[in-house]
Each structure stands twice: as structure tokens, then as C-alpha cells.
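Participant: Here's a structure for you.
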Amino acid sequence: MHSVSEDLGCRRGDFSRKHYGSVELLISSDADGAIQRAGRFRVENGSSDELQNTTALPGTWRRTDVHLENPEYHTRWYFKYFLGQVHQNYIGNDAEKSPFFLSVTLSDQNNQRVPQYRAILWRKTGTQKICLPYSPTKTLSVKSILSAMNLDKFEKGPREIFHPEIQKDLLVLEEQEGSVNFKFGVLFAKDGQLTDDEMLSNEIGSYAFQKFLNLLGDKITLKGWTGYRGGLDTKNDTTGVHSVYTVYQGHEIMFHVSTMLPYSKENKQQVERKRHIGNDIVTIVFQEGEEPSPAFKPSMIRSHFTHIFALVRYDQQNDNYRLKIFSEESVPLFGPPLPSPPVFTDHQEFRDFLLVKLINGEKATLETPTFAQKRRRTLDMLIRSLYQDLMPDLHKNMLNRRSFSDVLPESPKSARKKEEARQAEFVRIGQALKLKSIVRGDAPSSLVASGICKKEPWEPQCFCSNFPHEAVCADPWGQALLVSTDAGVLLVDDDLPSVPVFDKTLPVKQMHVLETLDLLILRADKGKDARLFVFRLSAVHKAIEGKQPVKSKCDCRDNKLEKTKGCHLYAINTHHSRELRIVVAIRNKLLLITRKHNKLGGVASISLLCPLSESPVEEFQYIREICLSDSPAVMTLVDGPTEESDNLICVAYRHQFDVVNESTGEAFRLHHVEASRVNFVAAIDVYEDGEAGLLLCYNYSCIYKKVCPFNGGSFLVQPSASDFQFCWNQAPYAIVCAFPYLLAFTTDSMEIRLVVNGNLVHTAVVPQLQLVASRSDIYFTATTAVNEISSGGSSKGASAHNSPQTPPGRDTPVFPSSLGEGETPSKNLYKIPLRNLVGRSIERPLKSPLVSKAVTPPTSIGLGIAAIPVTHSLSLSRMEIKEIASRTRRELLGLSDEGGTRSEGAPKPKSKARKQLEESQGGPKPETARSTSSDRITSGSLESPSALEANPEGRYHSTGSDQDPVANREGSPVWGSSPFQLTASLDEDIIDLK
């Protein structure tokens with residue numbers, strides 16, 4: 001089946017590293033005029049952002065791309081999906097005689113009828129994680145899993161490890177990815193201070209500094225503190241009496257505040273303070289005074305360990321904060337980019353932005369060569385040590401060679417009982433390890449919404465409910481969508497019946513609607529009979545308005561581009577106002593076609609002076625043919641930097657991506673794929689500051705290559721410092737670039753990453769997902785959900801994870817559905833507006849599929865938005881941790897029945913929002929969630945676990961892990977008002993199709 005990926009090359013992003021600062025050589029002098037050490041730092045001070053909402057007030061943050069990158073609840077797979085569940089672990093040696101470990105489990109994506117395998121490969125070079133589709137008729141072997149991870153050759157084949165204690169060792173390997181908790185330095189600097197000795201010698205801070213500390217977190221007493229201590233003494237007050245602490249999105253954060261650490265009158269260097277702040281990767285410098293005062297530079301702080309400085313200034317007159325970020329040159333780019341100007345009038349938005357920026361910054365620092373080499377050495381040592389410990393077992397029964405397809409072997413009853421007993425012991429030990437991690441506060445399982453209740457930019461709108469056809473491809477036409485289906489080509493509008501345009505005798509596989517050129521381009525038929533067809537949009541529109549008979553293949557004879565017979569792929573350039581170029585692939589031959597310049601002076605004149613029945617075929621001319629060594633699977637046009645003949649064609653075939661000079665036909669190697677089997681996905685044209693760059697996507701990999709300019713018609717591809725690569729967790733069939741996001745589409749999920757560094761920000765499960773259009777707004781079909789996940793305490797707790805391989809606790813309630821018995825779930829057509837993704841003003845869905853033509857008026861942020869519900873933070877006080885642990889242990893062992901179970905025989909179904917409200921009131925829960933904005937526990941929320949309470953500042957407390965913090969507010973729509981619902985759970989993030 002043809003993929004829609006060929007459209008994706010037309011999606012140009014606003015990609016500029018200048019949004020993330022520029023590298024500068026920073027030099028400063030001390031009080032005596034001596035030059036301090038020089039260092040190269042990337043300086044972020046806000047940048048002009050054309051995509052910023054121009055109607056917003058100056059200094060107000062309106063962008064939506066403030067996200068934690070590589071969040072632990074998405075990346076710590078072993079803790080989340082494997083530990084405490086039945087899974088398999090293998091050991092082996094690769095061709096270089098380096099040991100590796102492989103873990104595999106079968107997950108059903110939280111009972112969304114999307115079973116899949118998850119696999120983690122541990123090697124000395126790092127960890128690789130992938131998902132593989134599950135087929136009940138096709139078994140999966142260890143060899144095929146490792147082959148998907150590009151590991152095909154072995155010195156010793158993998159053998160299964162039966163010992164349950166292996167779970168403890170693999171958990172240690174995963175913890176090498178970094179701590180889930182953070183310690184940040186906070187340095188108070190008076191106006192005019194130029195050295196760290198002067199800054200560290202400030203005994204007390206100012207009123208503005210104290211106000212800033214109150215915004216960061218809570219003042220806590222260190223003696224007797226049982227939470228995360230960040231290296232501070234909690235027994236003898238040797239590191240001060242108080243500190244500042246908070247929890248943000250499941251991360252415990254301890255701040256090393258300079259004025260709270262011990263002060264010494266005798267020691268001018270304040271070694272005790274420097275010992276902590278100088279060893280923090282990230283330091284906040286709160287500088288008093290106005291901007292004209294001597295500017296802070298990182299060279300003022302003598303530390304070989306601190307890589308990131310956040311300079312904060314408070315403007316008392318305007319009550320706002322200004323932020324500037326310094327990152328050591330080797331730190332990879334990390335978001336979010338600063339707004340322009342970098343001034344925050346909303347203090348809670350500033351807190352959210354600052355904490356997300358600092359957490360992302362510390363994670364990025366761990367990828368610098370210095371830290372990465374240390375981590376790899378540690379990982380290599382741990383893997384080799386574990387391998388040596390297991391070597392004696394190679395000759396015993398603890399390790400055994402067997403294929404992964406033997407997960408549940410048909411064996412005699414006695415053998416089955418023995419296997420069941422082994423699995424039960426395996427699960428018991430794993431659950432005990434998970435519980436121990438939770439009690440320690442190291443559990444990477446909390447999923448909490450960011451500060452304000454906001455709509456995520458990728459939240460889709462239902463465009464057409466109960467779409468009865470199989471969509472092949474589509475392209476927007478005004479507010480409507482032209483869709484090629486199994487029943488022909490239809491024009492679909494969200495509030496009107498579908499209108500047939502072409503019947504099914506013209507099977508369209510690829511299309512472009514070019515409204516500015518009054519053109520419709522189609523690739524139809526298949527094999528030798530395939531052709532390119534061109535139509536005038538105005539003529540098609542007139543035929544629809546006149547209710548003329550639907551066109552068949554025979555009616556389109558005059559619209560064929562004859563030399564395109566047998567084409568299997570085409571690409572066009574739609575970026576600029578230059579002439580339209582079409583490159584058509586016919587086996588291994590490329591045919592370059594351009595549109596003649598219109599002498600009549602515009603599209604309108606064609607429509608008025610030419611008969612509507614006249615075909616635009618004669619407007620196209622054939623320029624040249626280019627022969628390739630093989631038939632291309634992916635093709636993208638890249639505009640050259642000038643108007644001259646320096647355009648490129650990027651093609652993918654065999655095991656490589658090449659770029660071809662349109663003028664000469666000369667091909668240059670761009671990237672060679674080191675994999676036994678290659679599935680090409682896309683080559684996405686991403687322009688960075690006016691220079692061409694390409695995201696090359698294949699299998700699980702994505703690599704960014706900067707395309708060097710031409711030199712006299714010749715072209716050399718050279719490695720660039722800006723090149724980077726990353727791996728998807730699931731193999732996508734299509735990828736969409738909408739800066740700052742990359743959206744990868746698989747058959748059952750959307751994986752959302754950042755263009756600038758490939759870091760993961762979200763994964764959403766969408767059953768039977770099919771992308772159909774992506775050249776402007778993104779359209780896709782997906783199955784309407786029937787079953788929904790229980791939010792009662794019986795099946796989920798704050799720290800308990802349902803086994804993906806077993807049914808949820810109690811009976812999962814089945815909500816009312818329009819489906820009759822034996823019917824298959826219907827599909828809806830959904831839309832993600834491009835303006836939402838690229839940061840323009842966010843509008844509410846035009847209508848709900850549940851209520852015809854129900855228009856939601858625009859509201860302020862937080863109203864009428866189906867925000868990600870708040871779940872429980874696991875990093876609470878020690879008393880709360882113990883309560884959670886006790887409750888979790890009872891649930892894991894099946895000893896507890898508390899927590900809002902639902903009645904099974906309700907006389908009539910209730911609305912989902914009302915059910916959730918009543919369930920949350922069914923019983924008090926000790927692990928009440930923290931405020932969405934500060935993530936700090938309040939005594940009131942512990943004492944009164946009612947469903948939803950708004951505090952005077954507009955923040956909300958929620959006690960149910962699956963509730964919407966906004967759903968039941970007076971005047972706000974309930975869940976059913978939103979066509980899509982991003983349900984947060986501890987097992988998986990699911991886009992729940994209503």
C-alpha cells in the first residue's frame with residue numbers, strides 16, 4: 001500500500017538554532033582587573049519569533065512548547081512495563097565479544113486492544129528501546145527482535161536468564177540514565193558583584209530574593225527531613241538549618257540556596273557554600289540591580305562542574321521576571337526556547353518555564369562528552385560484572401537456550417505448574433523491588449500536568465465522525481478535505497454530507513490541491529496504467545456546484561500527462577512562489593516537469609478567459625529525464641539557495657539516501673543505511689536559517705543532515721557539527737514535521753519529539769491510526785474507543801501498575817456505545833490544526849461529534865480545555881510515602897479492596913464525568929495530588945479529598961488519577977465536549993477517542 005510520506009517533504013519548518021542562543025566566547029575581569037578564565041557558552045536571551053502570537057501582550061508567554069524532554073514516565077521502561085510483570089531476560093555476546101542484555105515483555109497498551117512487544121537492549125554504548133507489533137499467528141524470536149535493533153551477528157547466541165534476582169541488576173542498569181530527582185544551586189548576587197567569592201559572602205538575601213525563593217518551593221527544616229536531601233545533612237545541621245524544596249511533575253528538587261548554607265566570617269572563599277553550589281550542574285544566579293550594571297558572565301563562577309547558569313532578574317516596578325540562560329558549549333540544545341522578550345509577567349508561568357528549562361538542561365548536560373563517557377564506562381563495567389557473575393550459571397539450568405516463541409509452551413501439567421510457580425516468584429520479587437523504589441522516592445512513574453491547565457498543541461479535533469470509508473490519501477481544500485477512499489474521491493466537510501468528486505474507477509494514490517495555482521494534481525491507477533492527472537480546481541468546483549455527474553476514469557482522458565505512464569511516485573515543490581516543479585518517478589527514471597509561466601497574468605484570468613472544460617495539461621512542459629541506479633522509495637525536492645539551476649532531489653533506494661542535481665543529474669551520497677533490511681519512511685525538508693537540511697527517516701532511525709551549498713554545480717556532503725540522530729521507540733510509517741515538533745505515526749500511536757534535538761515529549765496510544773493528509777493541517781483516521789479505563793482505586797493506585805498482560809482489577813466498565821452486537825468499531829476523521837503546533841493562537845474545536853454544530857466560543861487559557869488530568873506524585877512526605885507503600889503492597893498482593901469500586905449493576909448509565917466525580921468521593925485517598933502549578937501538597941487536600949476544588953489563584957487539586965481538573969467547573973464543558981481526551985494513567989498515555 002502506498003504511504004502518505006511523500007507529502008511530508010513539503011512541510012518546511014521554522015528551524016533555527018538561534019532560538020536556542022548563540023555560542024559566544026565570554027571573558028570577564030575580577031575586581032582587580034585581572035582577566036578571568038575564558039569559556040565558550042551558548043547564550044540564550046530571547047529571540048525574534050515570527051510564530052509568536054502578535055496579538056499577545058508584550059512579555060506574555062503564549063507558546064505551547066514548554067515540555068519536559070525525555071520524561072521518565074515515558075523513558076524508564078523497565079521500571080514501568082517490566083518490573084513486577086512476567087517478562088523474559090536474555091544474555092549474549094555480540095560479534096565484538098561485548099556482553100549485552102535483552103528484556104522483552106508483551107503489553108496490551110492498557111487494554112486498548114493494541115497488543116505489542118516492548119524490548120530493551122542494554123549494551124556498553126547505551127540503551128535501545130523499541131516496540132514491535134504483536135501478531136497472534138506469527139511468533140516472534142529473539143533473533144528477529146535483535147535484528148530490528150541492528151544486532152545481527154553474535155559471538156554467543158542469546159540465552160534466557162531464569163533467575164528472578166536479575167530484575168534487581170537490570171533496574172540498576174536503567175538507573176544509569178540519570179536520577180529522577182535534582183539539586184540546583186541558587187546564588188544571590190548583589191548589584192556590582194563580580195566574583196563568586198563576593199556573591200557567596202552575602203549573609204542574607206533581599207526581599208525580592210525571598211519572594212523568588214517562595215516562588216521556587218517550600219522552606220523546609222533539614223533536621224529530620226526524610227525526603228530527597230540533595231546531599232544536604234539532615235541529622236546534625238552541618239549544612240544549614242533550612243533549605244528550599246519542591247516537587248515538580250514527579251521530580252523532587254532540592255535547592256542549594258547560598259544564603260541558607262553555612263556562612264564563615266573567617267573564610268572569604270566560603271568553601272562550605274562553594275562545596276555544594278560549585279558541584280551542581282545547574283545554578284540559578286539571582287542578580288539584583290538594573291540591566292546597565294556589570295553583566296553576569298559564567299567566568300565569574302570558578303567551577304569545572306557547573307555547565308548551566310540561569311540568570312534571573314526581578315523588576316519590582318513592573319512585577320515581572322527576566323531570564324537569561326548560559327549553557328557550556330558542549331551541552332546539546334534543549335528547550336523550551338526563551339520567549340522574545342524573555343520577560344514573564346505571570347509568576348506561575350515563569351516558575352513552570354524555569355523548572356522545565358533547568359530539568360531539561362541537566363538531562364542534556366548528561367549527554368556532553370565528559371558525562372557521557374563516564375556513564376558509558378560505568379554501564380560497561382556493570383554489564384561486564386553482571387555477565388561474569390552469571391557465567392557459572394551457563395552450565396546449570398538457570399540459563400537455557402530457547403526461542404522467544406516459547407513464552408507459554410504446551411507442556412505436561414506438572415511442567416506447567418512448575419513454570420507458573422517460577423513466574424509467580426519472579427513477579428513477587430519484581431513487585432517488592434518496585435515497592436522499594438517507590439518508598440525511596442526514586443520511582444519514575446508520576447505523570448502530572450504542567451502548571452496551568454492548558455490544551456496540548458497536538459490535541460486533535462473530530463473533523464468527521466463515523467467516517468465509513470478506508471482513506472488512501474487526502475489534501476485540504478479550503479475548510480474541506482478532498483479524500484481518496486475505496487468508494488472514490490470525496491469532498492468531506494465537517495458539518496455537511498460528503499460529496500463524490502471522482503468515482504472508484506479512478507483509484508487515486510497521491511494528490512495535491514494547489515489553490516493558489518487553481519490546480520489539482522492526482523496520481524491514479526497502479527502498475528503500468530498509472531498516470532498523473534491535472535485538473536483546474538475551478539472546473540472541479542463548478543462541477544460540484546452544478547451537481548454534474550461524478551467523473552469516472554473515462555471522463556479524465558484529457559487530463560492525463562501522457563509521459564507519466566507507469567509512475568509510482570511523484571513530488572512537487574510548494575514552498576515558495578517559484579515555478580511549480582514536478583518530479584515523477586517511473587521505475588528508476590525521474591521525469592522533471594515544470595509549469596509554463598502564465599502570460600495572461602494570473603489564475604483568475606485563466607478561469608475567466610478559458611473554457612472550464614479545457615484541461616491544463618498543455619500548461620506543463622517536460623524538461624529532462626534523470627536515470628537512477630534503482631527505483632526510489634522516497635523522494636523530496638529541495639530548493640537551491642539561488643534562482644539558478646541548483647535545485648536538488650533527495651531520493652532513497654537500496655541502502656542509501658542520495659541527493660541528485662536537477663540540472664546535471666549527478667548523484668551524491670548523503671547517507672548509507674547500516675541495516676540488513678531497510679524500510680524508508682521519509683526525507684523531510686527542514687530549512688535552518690535559510691539553508692537546506694534533511695531529516696532522513698528509516699526503520700527506527702532518524703538522522704539530520706545539513707545540505708551543503710553548491711560550488712560551481714558540484715556538491716560534497718560533509719559531516720557537520722549540527723548533524724544529530726536519534727531512534728524512535730516504534731517504527732513509524734509516516735513522519736510529519738511541524739516546528740518545533742516531529743510527529744511519528746505508527747499503526748496505533750503518535751510519538752511526538754522535538755525537531756531541534758530529537759528528544760521525546762509525549763507518546764499517545766491511538767488504536768488503528770492512519771495518517772491521510774499532512775501538507776498543512778494534519779488529518780488522520782482512528783477507531784472510536786468502546787472500552788475506557790477504570791479510574792477506581794481497585795484497578796489503579798498512586799503507585800500500583802496493572803500488568804499489561806493481565807486484565808485490570810475487578811470488571812472494567814463498558815460505557816454506552818452506539819455499536820450493535822458483532823459490529824466493528826467505526827472510525828472517525830480527526831484534525832490537528834497546524835497553527836496549534838507551530839505556536840499560533842489556539843482555537844477550540846469548531847464542533848463536537850456528539851452534538852451537531854455545537855460551537856465552543858473562544859475562552860481564556862484553562863477554560864473549556866480537556867487538559868491532561870493530574871495524577872499522584874510519588875515524591876511526597878515520608879509519612880505519605882509509607883501510607884502509599886502500605887496500600888500499594890496490599891493491592892499488589894490482592895489483599896485490599898478499598899478505593900471507590902464501581903457498582904456492577906447500575907440501573908442506568910451515568911455520564912463519564914459524573915462517574916469519575918462520584919468515584920473520587922467514594923473514599924479518602926492518602927496520596928492526594930499536588931497542585932498542578934506548584935505540585936506542593938496542602939493540608940486541605942489531605943483532609944478534604946473531594947473531587948475538584950479551585951483555590952483563589954485558579955489552581956486545582958484533584959484526587960482521582962483519571963480526572964479532568966477542569967471538567968466539572970461551573971460553565972465548563974464535561975468530558976464529552978472534547979472530541980479527544982488525553983487520559984493520563986500510570987500505565988500508558990492514551991488518546992481516548994470519543
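Scheme for the C-alpha cells: letters A, B, ... for chains in order shown; per-chain residue numbers from 1; ligand numbers from 1 in order shown.
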Could you list, as a VMD selection string, every residue within 6 Å of segment 526-535 of chain A, counting only C-alpha atoms and ignoring same-chain residues fewer than 2 positions away?

Facilitator: chain A and resid 519 to 524 559 to 561 564 to 567

Participant: Enumerate, as a list in words, the complete set of residues in segment 534-566 of chain A that a backbone-based DSSP assignment places in strand (DSSP E or B).

Facilitator: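 Taking segment 534-566 of chain A and keeping strand (DSSP E or B) only, one gets Val534, Phe535, Arg536, Lys551, Lys560 and Leu561 of chain A.
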
Participant: What's around segment 377-387 of chain A at 10 Å? Count only C-alpha atoms, leave out sequence neighbours fewer than 3 positions away in its own chain, and write the answer as number ranges by chain.

Facilitator: A: 91-93, 98-101, 122-127, 166, 169-170, 172-177, 371-374, 390-392

Participant: Hey, what's within 7 Å of segment 276-292 of chain A if we count only C-alpha atoms and toss same-chain stuff fewer than 2 positions away? As an MDAnalysis selection string, please?

Facilitator: chainID A and resid 183:191 256 273:274 294 303 305:313 358 362

Participant: Could you check how far atom CA of Gln479 of chain A sits from atom CA of Val634 of chain A, in Å to one decimal?

Facilitator: 28.9 Å

Participant: As an exercise, work out the distance from atom CA of Gly250 of chain A to atom CA of Asp233 of chain A in Å and give it to one decimal place.

Facilitator: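 If I compute the distance from atom CA of Gly250 of chain A to atom CA of Asp233 of chain A, I get 22.8 Å.
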
Participant: For a test of reading the model, state the distance in Å between atom CA of Val681 of chain A and atom CA of Pro133 of chain A, rounded to one decimal.

Facilitator: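 Atom CA of Pro133 of chain A lies 17.2 Å from atom CA of Val681 of chain A.
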
Participant: Considering only C-alpha atoms, state which residue in the set A:Arg416, A:His568, A:Val66, A:Met260 is at the smallest distance from Phe350 of chain A.

Facilitator: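 Smallest distance to Phe350 of chain A is found for A:Val66.
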